[in-house]
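Written below as structure tokens is the structure these notes are about.
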Amino acid sequence: MPCALCGDIIPTEVARCPACGAWARRRDFRAVGVAVFMLLGFNAFIALGSGISLLRMAHPLRGATHDTYDPDVTGRALAPYTDVFLICGIMAGVTGLLYLGWLWRAYGQSPGPHRHHRAWVVLGWLCPVVNLWLPPRMVYEVWVNSGRYRTAERQAAGLVVAAWWSCVLAGVLLARAFAHGSVETLAEARFDVHVGVAAAACQALAAALCMATVFHITRLQIARDD
């Protein structure tokens, strides 16, 4: 493959250009894919830990009664989890920036055909309404265009992408519902805890499914270049 800096041919068995010493684009793309994969795994781990911790909060509420329930104590106990979800959102934003860089590269390397211009890889996440349906469509196109898939395999990839995006949207909505939930009554507190557990589960599953898409797309494009 040609070097991105000097244009000299880089043999497939080496990682650096023999003329200028630059890293091969294949090696660089693999490194970005691994970095995104690891960050997504860390996001999934944090979300899963938050969900398990919230489940422990549900146990004392299950045994409480209307006479023994204290909304102030419950509110103080649940307040840190709102901050945890905020931190998870910030981490997801940082991971998303690196993910967009990886997706931009993967989109350019996929042979096509593509229904949208490459600029929509970024704009699709920023434009209101459009960002509800375009990002998963772009990821699906990159995935199926990166390899030779049969119809059943394309459908399986579509299901993974659809499940990932559904979990992303559900996780965002449930986290906001948890942050604005009420603990004035025992029933409301129990419901709010369950909403928080569901939000954490959706976020962890979304990160795990996104890891699957990053892994398969990176593997397919690296194998094709080889």
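Ordered as shown in the structure tokens, chains take letters A, B, and onward, while each chain numbers its residues from 1 and ligands are numbered from 1 in the order shown.
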Closest atom pairs, region 192-220 of chain A residues within 12 Å of region 152-158 of chain A, only C-alpha atoms, as a tab-separated table:
```
residue	atom	partner	partner_atom	distance
A:Leu209	CA	A:Ala157	CA	10.7
A:Cys210	CA	A:Ala157	CA	11.6
A:Ala212	CA	A:Ala157	CA	9.9
A:Thr213	CA	A:Ala157	CA	8.4
A:Val214	CA	A:Ala157	CA	12.0
A:His216	CA	A:Ala157	CA	9.8
A:Ile217	CA	A:Ala157	CA	10.6
```
Contact residues around region 57-74 of chain A with only C-alpha atoms at 7 Å, ignoring same-chain residues under 4 positions, as a ChimeraX atom specification:
/A:53,78,183-186,190,193
With all heavy atoms retained, write the just-selected residues as a compact mmCIF listing (two decimals), in the first residue's frame.
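For reference, again-v1.txt as written:
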```txt
# COMPACT_ATOMS: atom_id res chain seq x y z
N SER A 53 -24.84 -1.07 41.72
CA SER A 53 -24.92 -0.29 42.95
C SER A 53 -26.35 0.19 43.21
O SER A 53 -26.82 0.19 44.35
CB SER A 53 -23.96 0.90 42.86
OG SER A 53 -23.98 1.65 44.05
N LEU A 78 -29.59 8.89 46.73
CA LEU A 78 -29.68 8.77 45.27
C LEU A 78 -29.01 9.94 44.54
O LEU A 78 -28.72 9.81 43.34
CB LEU A 78 -31.15 8.69 44.84
CG LEU A 78 -31.92 7.43 45.22
CD1 LEU A 78 -33.36 7.51 44.72
CD2 LEU A 78 -31.24 6.19 44.66
N VAL A 183 -38.74 11.44 44.83
CA VAL A 183 -38.64 10.45 45.90
C VAL A 183 -39.52 10.85 47.08
O VAL A 183 -39.26 10.46 48.22
CB VAL A 183 -37.16 10.29 46.36
CG1 VAL A 183 -36.32 9.69 45.25
CG2 VAL A 183 -36.58 11.64 46.82
N GLU A 184 -40.55 11.62 46.81
CA GLU A 184 -41.42 12.10 47.87
C GLU A 184 -42.19 10.96 48.55
O GLU A 184 -42.46 11.00 49.74
CB GLU A 184 -42.40 13.14 47.33
CG GLU A 184 -41.74 14.43 46.89
CD GLU A 184 -41.02 15.12 48.05
OE1 GLU A 184 -41.54 15.10 49.18
OE2 GLU A 184 -39.93 15.66 47.81
N THR A 185 -42.54 9.95 47.78
CA THR A 185 -43.24 8.80 48.33
C THR A 185 -42.41 7.54 48.11
O THR A 185 -41.49 7.53 47.28
CB THR A 185 -44.63 8.62 47.70
OG1 THR A 185 -44.47 8.31 46.31
CG2 THR A 185 -45.44 9.91 47.82
N LEU A 186 -42.75 6.49 48.81
CA LEU A 186 -42.03 5.23 48.69
C LEU A 186 -42.18 4.65 47.28
O LEU A 186 -41.21 4.16 46.71
CB LEU A 186 -42.54 4.23 49.73
CG LEU A 186 -41.89 2.85 49.73
CD1 LEU A 186 -40.39 2.95 49.95
CD2 LEU A 186 -42.53 1.97 50.81
N ARG A 190 -39.09 3.90 44.66
CA ARG A 190 -38.84 2.59 44.05
C ARG A 190 -38.82 2.69 42.53
O ARG A 190 -37.96 2.09 41.86
CB ARG A 190 -39.93 1.61 44.50
CG ARG A 190 -39.82 1.18 45.97
CD ARG A 190 -41.03 0.37 46.37
NE ARG A 190 -40.90 -0.15 47.74
CZ ARG A 190 -41.91 -0.73 48.40
NH1 ARG A 190 -43.10 -0.87 47.82
NH2 ARG A 190 -41.72 -1.17 49.63
N VAL A 193 -35.58 4.34 41.30
CA VAL A 193 -34.44 3.42 41.35
C VAL A 193 -34.47 2.45 40.18
O VAL A 193 -33.45 2.19 39.53
CB VAL A 193 -34.42 2.66 42.69
CG1 VAL A 193 -33.39 1.54 42.64
CG2 VAL A 193 -34.07 3.61 43.83
```
Run DSSP on the backbone and grab whatever in region 4-224 of chain A lands in alpha helix (DSSP H); send it over as a VMD selection string.
chain A and resid 25 to 63 71 to 109 120 to 126 134 to 145 151 to 179 186 to 224
Distance query Ala35 (chain A) at most 12 Å, only C-alpha atoms, self and fewer than 2 positions along chain excluded, as an MDAnalysis selection string:
chainID A and resid 28:33 37:42 94:99 101:102 211 214:215 218
Any chance you can output those residues with C-alpha atoms as a PDB file, in the first residue's frame?
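Resulting contents of selection_23.pdb:
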```
ATOM      1  CA  ASP A  28      -2.684   3.589  12.400  1.00  0.00           C
ATOM      2  CA  PHE A  29      -6.308   2.623  11.743  1.00  0.00           C
ATOM      3  CA  ARG A  30      -5.913  -0.502  13.842  1.00  0.00           C
ATOM      4  CA  ALA A  31      -4.536   1.564  16.731  1.00  0.00           C
ATOM      5  CA  VAL A  32      -7.479   3.984  16.610  1.00  0.00           C
ATOM      6  CA  GLY A  33      -9.916   1.066  16.520  1.00  0.00           C
ATOM      7  CA  PHE A  37     -12.797  -0.368  21.670  1.00  0.00           C
ATOM      8  CA  MET A  38     -11.049   0.016  25.029  1.00  0.00           C
ATOM      9  CA  LEU A  39     -12.782   3.309  25.859  1.00  0.00           C
ATOM     10  CA  LEU A  40     -16.154   1.773  25.067  1.00  0.00           C
ATOM     11  CA  GLY A  41     -15.312  -1.124  27.349  1.00  0.00           C
ATOM     12  CA  PHE A  42     -14.494   1.305  30.156  1.00  0.00           C
ATOM     13  CA  VAL A  94     -15.017  12.079  24.945  1.00  0.00           C
ATOM     14  CA  THR A  95     -15.292   8.546  23.583  1.00  0.00           C
ATOM     15  CA  GLY A  96     -17.652   9.827  20.894  1.00  0.00           C
ATOM     16  CA  LEU A  97     -15.060  12.279  19.590  1.00  0.00           C
ATOM     17  CA  LEU A  98     -12.538   9.499  19.073  1.00  0.00           C
ATOM     18  CA  TYR A  99     -15.296   7.284  17.676  1.00  0.00           C
ATOM     19  CA  GLY A 101     -12.555  10.095  14.011  1.00  0.00           C
ATOM     20  CA  TRP A 102     -12.507   6.325  13.626  1.00  0.00           C
ATOM     21  CA  MET A 211     -17.726  -2.448  20.718  1.00  0.00           C
ATOM     22  CA  VAL A 214     -16.006  -1.307  16.010  1.00  0.00           C
ATOM     23  CA  PHE A 215     -14.364  -4.725  16.256  1.00  0.00           C
ATOM     24  CA  THR A 218     -11.887  -2.659  11.945  1.00  0.00           C
TER      25      THR A 218
END
```
One decimal, Å: what's the distance from CA of Glu188 (chain A) over to CA of Asn43 (chain A), could you say?
28.2 Å
Please report, as a ChimeraX atom specification, each residue of chain A to which DSSP assigns strand (DSSP E or B) when run on this structure's backbone.
/A:2,9,16,23
Selection export as a PDB file, in the first residue's frame, atoms kept: C-alpha atoms:
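What landed in out_21.pdb:
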```
ATOM      1  CA  PRO A   2       1.242   3.579  -0.677  1.00  0.00           C
ATOM      2  CA  ILE A   9       5.028   1.493  -1.456  1.00  0.00           C
ATOM      3  CA  ARG A  16       6.611   1.600   8.742  1.00  0.00           C
ATOM      4  CA  TRP A  23       3.447   4.452  10.204  1.00  0.00           C
TER       5      TRP A  23
END
```
Neighbouring residues of Arg148 (chain A) were defined as those with any atom within 12 Å, considering only C-alpha atoms; residues of the same chain fewer than 3 positions away were excluded. Please report them as an MDAnalysis selection string.
chainID A and resid 110:112 142:145 151:154 217 220:221 223:224
Point-to-point distance in Å for CA of Cys88 (chain A) and CA of Asp192 (chain A):
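Computing it gives 18.2 Å between the two atoms.
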Just give me the gap between CA of Tyr140 (chain A) and CA of Val161 (chain A) in Å, one decimal is fine.
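Result for CA of Tyr140 (chain A) versus CA of Val161 (chain A): 6.5 Å, one decimal.
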